[in-house]
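In what follows, a structure is listed as structure tokens, so that the remarks can point back to it.
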There are 2 protein chains.
Amino acid sequence: MKKATTTLERTAETNSIAASAGSEAADNYLKAIFQLSGRPERQVSSTEIAIHLSITAASVTNMLQKLAAQQPPLVIYQKHHGVKLSKAGKKRALEIVRHHRLIETFLHEVLDYPWDEVHQEAERLEHFISERFEERIAAKLGHPEFDPHGHAIPAMDGTLPAQMTQEPRSLSELRPGQSAKVSSVSDKDPEMLRYLASKGIRPGIRVTLSEQLPFKGAYEVRIGSSAKPALLSHSLAEAISVAVK
Amino acid sequence: MKKATTTLERTAETNSIAASAGSEAADNYLKAIFQLSGRPERQVSSTEIAIHLSITAASVTNMLQKLAAQQPPLVIYQKHHGVKLSKAGKKRALEIVRHHRLIETFLHEVLDYPWDEVHQEAERLEHFISERFEERIAAKLGHPEFDPHGHAIPAMDGTLPAQMTQEPRSLSELRPGQSAKVSSVSDKDPEMLRYLASKGIRPGIRVTLSEQLPFKGAYEVRIGSSAKPALLSHSLAEAISVAVK
DNA sequence: CTTTAATGTTAAGCTAAGTCAAGCTGGCAG
DNA sequence: CTGCCAGCTTGACTTAGCTTAACATTAAAG
């Protein structure tokens, strides 16, 4: 008569909600929401997230419901009205952003990666490093405040330097004659980064907009102390954040 | 009367091969087979793999079939008679082992990890680093030949130093009076590594077996040039590989 | 040669994350 | 105040990797 013993009582609790906390996918959603919601914070819609992550809106709805059902909830989700991060969700998102930016800095400073290649590698690794690894590279780098593209690195406790809590101004919003310091550049497009580097545009450099052609035309920009100005397209100008000061 | 349409013809081909190349799971199987098959090479059984990976034998059978069905096949699999790596499978396995050991060395040398903590971190990261990352840390370290535990690091082309192509001898196989040099120690158990470090046992150190108590009793070992001998349990002695020379 | 214990394999089914297609909704145009 | 349609949500299905339970095979012992 068979053993049968095995399946008896069983943890009848295969149970409820299932998990999906801490998964790579969940992390990516949280990071996406964080980045899309901007500062000050806005609600983010399913489709926005879907486009950002290159998946379908249906998947997003699904995952948002799971994230909202966690204990504690990672997002505040209202059917048909978008989503925002909860306290816990924001903490997690900032942790991942910290990982990402520390890794980028590390790759650039310690492993001599060119700045256009750090993003891709960091995008994968950010999910898999331990707290210990994070702590070690931060120490090795002397607890840096900014990554190679000029983005602020959140502190361990999940706080950002004060000036970073507001939406930064883009070079494309300057008026002719205005001068400003480059605070950061978008890290998403390697080609763009290579081009910017070749023009000498990087965080900390002072730029002066001498002229802007109409209809989103070229931006004529004087860079640092260089003699002749450069011409930047609208989308390039948009990818450059500046502090007017 | 319901649609019913659904189950009809069906892609009767739920089908064959599917993919699962290059996945983390597949990598882990290949590595497990590589490690279990030893040198010179033996066939490895499903259950061995199952135990090594802490999953069920059924899962293993499944995956082996997929790995064998790849184009090119990653393993040579014979029902009921175990499995061995194909050319391509061996190449991939060595690539992962190379990643693992380079990462361990890197964590130890560059990030000052203690040698008992490197394994766990490397175990995760080995699957996610790019070729570029591999190349950069290898360069940073001066293309090392051995990891912190004394294991040989495969070259980029997937070859191992000559002496590593044979099964190493364990300290537990020495006869009293024999002397040998520690070539490597097992990296799996952090506690054991800490203990070994405390006794001064590490790769490169010369040891002399002065006495071995019967029935797998303690091994009395003189370590390097130290005055008084240490007592090692059988399992400890087994975890230490030596070159007699 | 037969039996059987150990070991392997198949089949069915679960979960996580995704897809597609169809059904809802809610805010704006008339 | 109505209706409509873009944007969400739901539901039914997929795939990868796993589990359990049932069935099959091998090899060793009688």
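Residue names in the structure tokens use chain letters A, B, ... in the order shown, residue numbers from 1 in each chain, and ligand numbers from 1 in the order shown.
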Up to 9 Å from chain A, what residues of chain D turn up? Count only C-alpha atoms (C1' of nucleotides) and give them as a compact mmCIF listing (two decimals) with N, CA and C atoms (P, O5', C5', C4', C3', O3' and C1' of nucleotides), in the first residue's frame.
```txt
# COMPACT_ATOMS: atom_id res chain seq x y z
P DG D 7 -4.06 57.25 -26.70
O5' DG D 7 -4.49 56.49 -25.38
C5' DG D 7 -5.19 57.23 -24.39
C4' DG D 7 -5.60 56.29 -23.30
C3' DG D 7 -4.48 55.37 -22.86
O3' DG D 7 -4.58 55.34 -21.46
C1' DG D 7 -6.36 54.09 -23.40
P DC D 8 -3.43 54.86 -20.54
O5' DC D 8 -4.24 54.00 -19.50
C5' DC D 8 -4.68 52.77 -19.93
C4' DC D 8 -5.74 52.32 -18.97
C3' DC D 8 -5.23 51.13 -18.18
O3' DC D 8 -5.80 51.12 -16.88
C1' DC D 8 -6.89 50.47 -19.79
P DT D 9 -5.35 49.91 -15.90
O5' DT D 9 -6.32 48.73 -16.37
C5' DT D 9 -7.71 48.89 -16.14
C4' DT D 9 -8.46 47.62 -16.54
C3' DT D 9 -7.94 46.34 -15.88
O3' DT D 9 -9.05 45.74 -15.24
C1' DT D 9 -8.15 46.05 -18.23
P DT D 10 -8.87 44.40 -14.36
O5' DT D 10 -9.32 43.25 -15.36
C5' DT D 10 -10.57 43.37 -16.02
C4' DT D 10 -10.78 42.23 -17.00
C3' DT D 10 -10.33 40.86 -16.47
O3' DT D 10 -11.46 40.00 -16.56
C1' DT D 10 -9.46 41.26 -18.65
P DT D 20 8.43 18.38 -5.12
O5' DT D 20 7.12 17.54 -5.44
C5' DT D 20 5.88 18.17 -5.69
C4' DT D 20 4.91 17.15 -6.27
C3' DT D 20 5.07 15.73 -5.73
O3' DT D 20 3.76 15.20 -5.54
C1' DT D 20 5.26 15.70 -8.09
```
Test item, strand (DSSP E) assignment across range 15-179 of chain B, answer as a VMD selection string: chain B and resid 75 to 77 83 to 85 169 to 170 179
Residues of the last selection are to be written out with C-alpha atoms, as a CSV table (one decimal), in the first residue's frame.
```csv
chain,number,residue,atom,x,y,z
B,75,VAL,CA,25.9,17.8,-24.5
B,76,ILE,CA,25.9,14.2,-25.6
B,77,TYR,CA,23.1,12.6,-23.8
B,83,VAL,CA,25.7,12.7,-20.2
B,84,LYS,CA,28.9,14.4,-21.2
B,85,LEU,CA,29.8,17.8,-22.6
B,169,ARG,CA,45.7,14.6,-5.4
B,170,SER,CA,44.1,15.4,-2.0
B,179,SER,CA,55.5,16.3,2.1
```
Two-atom distance - CA of Leu174 in chain B, CA of Pro203 in chain B (Å):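 Those two atoms sit 16.7 Å apart.
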Superposition RMSD [C-alpha atoms, order-paired], chain B onto chain A: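 C-alpha RMSD after least-squares superposition: 3.4 Å.
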Residues flagged helix (DSSP H, G or I) by DSSP in range 43-163 of chain A, as a ChimeraX atom specification: /A:46-53,57-69,87-109,118-125,131-140,162-163
